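File shown here: coords-v9.cif, holding mmCIF, N, CA and C atoms.
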data_query
#
loop_
_atom_site.label_atom_id
_atom_site.label_comp_id
_atom_site.auth_asym_id
_atom_site.auth_seq_id
_atom_site.Cartn_x
_atom_site.Cartn_y
_atom_site.Cartn_z
N GLY Y 191 93.87 43.78 77.59
CA GLY Y 191 95.29 43.72 77.83
C GLY Y 191 95.59 43.31 79.25
N ASP Y 192 96.74 43.67 79.69
CA ASP Y 192 97.21 43.26 81.02
C ASP Y 192 96.44 43.91 82.15
N VAL Y 193 95.84 45.07 81.93
CA VAL Y 193 95.18 45.78 83.03
C VAL Y 193 94.12 44.91 83.69
N GLY Y 194 93.24 44.33 82.90
CA GLY Y 194 92.19 43.48 83.46
C GLY Y 194 92.74 42.25 84.12
N CYS Y 195 93.72 41.62 83.49
CA CYS Y 195 94.31 40.41 84.07
C CYS Y 195 95.07 40.74 85.34
N LEU Y 196 95.77 41.85 85.36
CA LEU Y 196 96.53 42.20 86.55
C LEU Y 196 95.60 42.53 87.70
N ALA Y 197 94.50 43.20 87.43
CA ALA Y 197 93.53 43.49 88.48
C ALA Y 197 92.90 42.19 88.96
N GLY Y 198 92.50 41.33 88.02
CA GLY Y 198 91.91 40.05 88.37
C GLY Y 198 92.89 39.14 89.06
N GLY Y 199 94.17 39.34 88.82
CA GLY Y 199 95.19 38.51 89.41
C GLY Y 199 95.24 38.59 90.93
N ARG Y 200 94.55 39.54 91.52
CA ARG Y 200 94.48 39.65 92.98
C ARG Y 200 93.53 38.61 93.56
N MET Y 201 92.64 38.09 92.74
CA MET Y 201 91.69 37.09 93.20
C MET Y 201 92.41 35.77 93.46
N ARG Y 202 91.80 34.93 94.26
CA ARG Y 202 92.43 33.67 94.60
C ARG Y 202 91.81 32.49 93.86
N ARG Y 203 90.49 32.48 93.64
CA ARG Y 203 89.82 31.32 93.05
C ARG Y 203 88.79 31.79 92.03
N GLY Y 204 88.49 30.91 91.11
CA GLY Y 204 87.40 31.17 90.19
C GLY Y 204 87.69 32.23 89.15
N LEU Y 205 88.94 32.41 88.83
CA LEU Y 205 89.32 33.46 87.88
C LEU Y 205 89.52 32.85 86.51
N LEU Y 206 88.90 33.47 85.50
CA LEU Y 206 89.04 33.04 84.12
C LEU Y 206 89.42 34.24 83.28
N ALA Y 207 90.55 34.14 82.59
CA ALA Y 207 90.95 35.18 81.63
C ALA Y 207 90.60 34.66 80.25
N VAL Y 208 90.09 35.56 79.40
CA VAL Y 208 89.74 35.20 78.03
C VAL Y 208 90.56 36.07 77.09
N VAL Y 209 91.29 35.43 76.17
CA VAL Y 209 92.15 36.15 75.25
C VAL Y 209 91.70 35.84 73.83
N LEU Y 210 91.41 36.91 73.08
CA LEU Y 210 90.95 36.77 71.71
C LEU Y 210 92.00 37.31 70.75
N THR Y 211 91.67 37.35 69.49
CA THR Y 211 92.57 37.80 68.43
C THR Y 211 93.19 39.16 68.75
N GLY Y 212 94.43 39.34 68.33
CA GLY Y 212 95.11 40.61 68.54
C GLY Y 212 96.50 40.58 67.95
N ALA Y 213 97.03 41.75 67.67
CA ALA Y 213 98.29 41.85 66.95
C ALA Y 213 99.52 41.97 67.84
N ASN Y 214 99.34 42.11 69.13
CA ASN Y 214 100.48 42.28 70.03
C ASN Y 214 100.44 41.21 71.10
N ALA Y 215 101.39 41.25 71.99
CA ALA Y 215 101.46 40.29 73.09
C ALA Y 215 100.74 40.82 74.33
N ASP Y 216 99.83 41.77 74.13
CA ASP Y 216 99.06 42.31 75.25
C ASP Y 216 98.43 41.17 76.04
N GLY Y 217 98.50 41.25 77.32
CA GLY Y 217 97.85 40.27 78.17
C GLY Y 217 98.76 39.17 78.67
N ALA Y 218 99.94 38.99 78.08
CA ALA Y 218 100.81 37.88 78.48
C ALA Y 218 101.21 37.95 79.95
N ALA Y 219 101.59 39.13 80.42
CA ALA Y 219 101.98 39.26 81.84
C ALA Y 219 100.78 39.00 82.75
N GLY Y 220 99.63 39.49 82.37
CA GLY Y 220 98.43 39.24 83.15
C GLY Y 220 98.04 37.78 83.17
N VAL Y 221 98.20 37.12 82.04
CA VAL Y 221 97.91 35.68 81.96
C VAL Y 221 98.80 34.92 82.93
N ARG Y 222 100.07 35.26 82.98
CA ARG Y 222 100.98 34.59 83.92
C ARG Y 222 100.50 34.79 85.36
N ARG Y 223 100.03 35.99 85.69
CA ARG Y 223 99.54 36.25 87.05
C ARG Y 223 98.30 35.42 87.35
N VAL Y 224 97.40 35.33 86.38
CA VAL Y 224 96.18 34.54 86.57
C VAL Y 224 96.55 33.08 86.84
N VAL Y 225 97.45 32.53 86.04
CA VAL Y 225 97.88 31.14 86.20
C VAL Y 225 98.57 30.93 87.54
N GLU Y 226 99.41 31.87 87.94
CA GLU Y 226 100.11 31.77 89.23
C GLU Y 226 99.13 31.69 90.39
N ARG Y 227 97.97 32.27 90.23
CA ARG Y 227 96.97 32.30 91.30
C ARG Y 227 95.91 31.21 91.13
N GLY Y 228 96.19 30.25 90.26
CA GLY Y 228 95.28 29.11 90.12
C GLY Y 228 94.14 29.32 89.16
N GLY Y 229 94.15 30.41 88.41
CA GLY Y 229 93.09 30.66 87.45
C GLY Y 229 93.32 29.93 86.14
N TRP Y 230 92.36 30.05 85.26
CA TRP Y 230 92.41 29.41 83.94
C TRP Y 230 92.39 30.47 82.86
N VAL Y 231 92.91 30.10 81.70
CA VAL Y 231 92.96 31.01 80.56
C VAL Y 231 92.28 30.34 79.38
N LEU Y 232 91.26 30.98 78.88
CA LEU Y 232 90.54 30.52 77.70
C LEU Y 232 91.03 31.35 76.52
N VAL Y 233 91.58 30.68 75.51
CA VAL Y 233 92.25 31.38 74.43
C VAL Y 233 91.66 30.99 73.08
N GLN Y 234 91.42 31.99 72.26
CA GLN Y 234 90.99 31.72 70.90
C GLN Y 234 92.13 31.02 70.16
N ASP Y 235 91.82 29.95 69.46
CA ASP Y 235 92.82 29.21 68.70
C ASP Y 235 93.49 30.15 67.70
N PRO Y 236 94.82 30.31 67.80
CA PRO Y 236 95.51 31.20 66.87
C PRO Y 236 95.29 30.84 65.40
N ALA Y 237 95.06 29.58 65.12
CA ALA Y 237 94.82 29.15 63.74
C ALA Y 237 93.52 29.71 63.19
N HIS Y 238 92.63 30.12 64.09
CA HIS Y 238 91.33 30.65 63.69
C HIS Y 238 91.22 32.15 63.94
N ALA Y 239 92.32 32.79 64.34
CA ALA Y 239 92.30 34.21 64.67
C ALA Y 239 92.76 35.05 63.48
N VAL Y 240 92.16 36.21 63.31
CA VAL Y 240 92.58 37.14 62.27
C VAL Y 240 94.02 37.58 62.53
N ALA Y 241 94.31 37.88 63.78
CA ALA Y 241 95.67 38.26 64.19
C ALA Y 241 96.08 37.30 65.32
N PRO Y 242 96.94 36.33 65.03
CA PRO Y 242 97.22 35.27 66.01
C PRO Y 242 98.27 35.59 67.08
N THR Y 243 98.91 36.74 67.01
CA THR Y 243 100.01 37.03 67.94
C THR Y 243 99.56 37.05 69.39
N MET Y 244 98.46 37.73 69.69
CA MET Y 244 98.02 37.84 71.08
C MET Y 244 97.59 36.48 71.65
N PRO Y 245 96.76 35.71 70.94
CA PRO Y 245 96.42 34.40 71.51
C PRO Y 245 97.64 33.49 71.69
N GLN Y 246 98.57 33.53 70.77
CA GLN Y 246 99.76 32.68 70.90
C GLN Y 246 100.61 33.11 72.10
N ALA Y 247 100.71 34.42 72.32
CA ALA Y 247 101.45 34.91 73.49
C ALA Y 247 100.78 34.46 74.78
N ALA Y 248 99.46 34.43 74.81
CA ALA Y 248 98.75 33.96 76.01
C ALA Y 248 98.98 32.47 76.23
N ILE Y 249 98.97 31.70 75.16
CA ILE Y 249 99.23 30.26 75.28
C ILE Y 249 100.64 30.03 75.81
N ASP Y 250 101.60 30.74 75.27
CA ASP Y 250 102.98 30.61 75.71
C ASP Y 250 103.13 31.00 77.18
N ALA Y 251 102.44 32.06 77.59
CA ALA Y 251 102.52 32.55 78.97
C ALA Y 251 101.87 31.58 79.95
N ALA Y 252 100.83 30.90 79.52
CA ALA Y 252 100.10 29.99 80.41
C ALA Y 252 100.68 28.59 80.39
N ALA Y 253 101.57 28.30 79.45
CA ALA Y 253 102.06 26.93 79.24
C ALA Y 253 102.70 26.31 80.48
N GLU Y 254 103.43 27.10 81.25
CA GLU Y 254 104.11 26.55 82.41
C GLU Y 254 103.13 25.95 83.41
N GLY Y 255 101.95 26.54 83.53
CA GLY Y 255 100.96 26.02 84.46
C GLY Y 255 99.94 25.12 83.81
N SER Y 256 100.07 24.87 82.52
CA SER Y 256 99.13 24.04 81.76
C SER Y 256 97.69 24.47 82.02
N ALA Y 257 97.48 25.76 82.06
CA ALA Y 257 96.16 26.27 82.42
C ALA Y 257 95.43 26.90 81.24
N ALA Y 258 95.94 26.74 80.03
CA ALA Y 258 95.29 27.34 78.87
C ALA Y 258 94.40 26.31 78.18
N VAL Y 259 93.20 26.75 77.87
CA VAL Y 259 92.27 25.96 77.07
C VAL Y 259 92.14 26.71 75.76
N VAL Y 260 92.51 26.07 74.67
CA VAL Y 260 92.54 26.70 73.36
C VAL Y 260 91.40 26.16 72.52
N VAL Y 261 90.51 27.06 72.07
CA VAL Y 261 89.34 26.65 71.29
C VAL Y 261 89.06 27.67 70.19
N PRO Y 262 88.31 27.25 69.16
CA PRO Y 262 87.89 28.22 68.15
C PRO Y 262 86.96 29.27 68.76
N LEU Y 263 86.90 30.42 68.15
CA LEU Y 263 86.05 31.51 68.64
C LEU Y 263 84.61 31.05 68.86
N SER Y 264 84.10 30.20 68.00
CA SER Y 264 82.71 29.75 68.11
C SER Y 264 82.43 28.97 69.39
N GLU Y 265 83.46 28.49 70.08
CA GLU Y 265 83.28 27.71 71.30
C GLU Y 265 83.59 28.49 72.58
N ILE Y 266 84.04 29.72 72.45
CA ILE Y 266 84.42 30.51 73.63
C ILE Y 266 83.25 30.66 74.61
N ALA Y 267 82.09 31.06 74.12
CA ALA Y 267 80.95 31.32 75.00
C ALA Y 267 80.54 30.07 75.77
N SER Y 268 80.48 28.92 75.11
CA SER Y 268 80.06 27.70 75.81
C SER Y 268 81.07 27.31 76.88
N HIS Y 269 82.34 27.52 76.64
CA HIS Y 269 83.35 27.23 77.65
C HIS Y 269 83.25 28.21 78.83
N MET Y 270 82.92 29.46 78.55
CA MET Y 270 82.74 30.43 79.63
C MET Y 270 81.56 30.01 80.51
N ILE Y 271 80.50 29.56 79.89
CA ILE Y 271 79.32 29.12 80.66
C ILE Y 271 79.69 27.91 81.51
N GLN Y 272 80.40 26.95 80.94
CA GLN Y 272 80.82 25.78 81.70
C GLN Y 272 81.67 26.18 82.90
N PHE Y 273 82.58 27.11 82.70
CA PHE Y 273 83.42 27.59 83.79
C PHE Y 273 82.58 28.24 84.87
N ALA Y 274 81.63 29.09 84.47
CA ALA Y 274 80.77 29.78 85.43
C ALA Y 274 79.92 28.79 86.22
N GLU Y 275 79.59 27.68 85.62
CA GLU Y 275 78.78 26.66 86.29
C GLU Y 275 79.65 25.74 87.17
N GLY Y 276 80.94 26.01 87.22
CA GLY Y 276 81.81 25.23 88.07
C GLY Y 276 82.46 24.04 87.41
N ARG Y 277 82.23 23.89 86.11
CA ARG Y 277 82.86 22.79 85.37
C ARG Y 277 84.15 23.31 84.78
N ARG Y 278 85.23 23.04 85.45
CA ARG Y 278 86.55 23.52 85.04
C ARG Y 278 87.09 22.67 83.91
N PRO Y 279 87.97 23.24 83.11
CA PRO Y 279 88.58 22.48 82.01
C PRO Y 279 89.41 21.31 82.53
#
Is it possible to give me this structure as structure tokens?
Amino acid sequence: GDVGCLAGGRMRRGLLAVVLTGANADGAAGVRRVVERGGWVLVQDPAHAVAPTMPQAAIDAAAEGSAAVVVPLSEIASHMIQFAEGRRP
């Protein structure tokens, strides 16, 4: 939820938030903070999520900064590795 994103939102660079399936809009405020600080948001594609509300809320929250990368769950890990290696979306 927002707790991790809000804590991470204090960082300045190299921040990646990952949002997976969920039934509420948890994380939306944190996602906005991450984007405001230049971070990226990796989001499970709502079309592939059991509960699409949380990923869709993250996409909507990140939309203003165009910082959301939306992928199926099966691709989340490879995108995290790419980010960790310095290859930004």
Self-check item: Selection under test: the PyMOL selection byres ((chain Y and resi 209) around 5); residues as a count of residues only
Solution: 7
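Using the PyMOL selection byres ((chain Y and resi 257-269) around 7) on the file at hand returns these residues: Val225, Gly229, Trp230, Val231, Leu232, Val233, Gln234, Asp235, Pro236, His238, Ala248, Ile249, Ala252, Ala253, Glu254, Gly255, Ser256, Met270, Ile271, Gln272, Phe273 and Ala274 of chain Y.
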Quiz item: On this structure, which residues satisfy the PyMOL selection byres ((chain Y and resi 241) around 6), written as an MDAnalysis selection string?
Solution: chainID Y and resid 211:213 239:240 242:245
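Here the DSSP assignment of strand (DSSP E or B), based on backbone atoms, applies within chain Y to Leu206, Ala207, Val208, Val209, Trp230, Val231, Leu232, Val233, Gln234, Ala258, Val259, Val260 and Val261 of chain Y.
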Using N, CA and C atoms, can you export the residues from the last selection as a PDB file, keeping the file's coordinate frame?
ATOM      1  N   LEU Y 206      88.900  33.470  85.500  1.00  0.00           N
ATOM      2  CA  LEU Y 206      89.040  33.040  84.120  1.00  0.00           C
ATOM      3  C   LEU Y 206      89.420  34.240  83.280  1.00  0.00           C
ATOM      4  N   ALA Y 207      90.550  34.140  82.590  1.00  0.00           N
ATOM      5  CA  ALA Y 207      90.950  35.180  81.630  1.00  0.00           C
ATOM      6  C   ALA Y 207      90.600  34.660  80.250  1.00  0.00           C
ATOM      7  N   VAL Y 208      90.090  35.560  79.400  1.00  0.00           N
ATOM      8  CA  VAL Y 208      89.740  35.200  78.030  1.00  0.00           C
ATOM      9  C   VAL Y 208      90.560  36.070  77.090  1.00  0.00           C
ATOM     10  N   VAL Y 209      91.290  35.430  76.170  1.00  0.00           N
ATOM     11  CA  VAL Y 209      92.150  36.150  75.250  1.00  0.00           C
ATOM     12  C   VAL Y 209      91.700  35.840  73.830  1.00  0.00           C
ATOM     13  N   TRP Y 230      92.360  30.050  85.260  1.00  0.00           N
ATOM     14  CA  TRP Y 230      92.410  29.410  83.940  1.00  0.00           C
ATOM     15  C   TRP Y 230      92.390  30.470  82.860  1.00  0.00           C
ATOM     16  N   VAL Y 231      92.910  30.100  81.700  1.00  0.00           N
ATOM     17  CA  VAL Y 231      92.960  31.010  80.560  1.00  0.00           C
ATOM     18  C   VAL Y 231      92.280  30.340  79.380  1.00  0.00           C
ATOM     19  N   LEU Y 232      91.260  30.980  78.880  1.00  0.00           N
ATOM     20  CA  LEU Y 232      90.540  30.520  77.700  1.00  0.00           C
ATOM     21  C   LEU Y 232      91.030  31.350  76.520  1.00  0.00           C
ATOM     22  N   VAL Y 233      91.580  30.680  75.510  1.00  0.00           N
ATOM     23  CA  VAL Y 233      92.250  31.380  74.430  1.00  0.00           C
ATOM     24  C   VAL Y 233      91.660  30.990  73.080  1.00  0.00           C
ATOM     25  N   GLN Y 234      91.420  31.990  72.260  1.00  0.00           N
ATOM     26  CA  GLN Y 234      90.990  31.720  70.900  1.00  0.00           C
ATOM     27  C   GLN Y 234      92.130  31.020  70.160  1.00  0.00           C
ATOM     28  N   ALA Y 258      95.940  26.740  80.030  1.00  0.00           N
ATOM     29  CA  ALA Y 258      95.290  27.340  78.870  1.00  0.00           C
ATOM     30  C   ALA Y 258      94.400  26.310  78.180  1.00  0.00           C
ATOM     31  N   VAL Y 259      93.200  26.750  77.870  1.00  0.00           N
ATOM     32  CA  VAL Y 259      92.270  25.960  77.070  1.00  0.00           C
ATOM     33  C   VAL Y 259      92.140  26.710  75.760  1.00  0.00           C
ATOM     34  N   VAL Y 260      92.510  26.070  74.670  1.00  0.00           N
ATOM     35  CA  VAL Y 260      92.540  26.700  73.360  1.00  0.00           C
ATOM     36  C   VAL Y 260      91.400  26.160  72.520  1.00  0.00           C
ATOM     37  N   VAL Y 261      90.510  27.060  72.070  1.00  0.00           N
ATOM     38  CA  VAL Y 261      89.340  26.650  71.290  1.00  0.00           C
ATOM     39  C   VAL Y 261      89.060  27.670  70.190  1.00  0.00           C
TER      40      VAL Y 261
END
Practice problem: Taking the DSSP assignment computed from this structure's backbone, write out as a PyMOL selection string all residues of chain Y that belong to helix (DSSP H, G or I). | Solution: chain Y and resi 192-198+218-226+236-238+243-255+263-274
Quiz item: Counting all atoms listed in the file, what is within 7 Å of Ala218 in chain Y, bar same-chain residues fewer than 2 positions away, as a VMD selection string?
Solution: chain Y and resid 191 to 192 215 to 216 220 to 223 247 to 248 251
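Pairwise distance (atom N of Asn214 in chain Y, atom N of Arg278 in chain Y) equals 28.8 Å.
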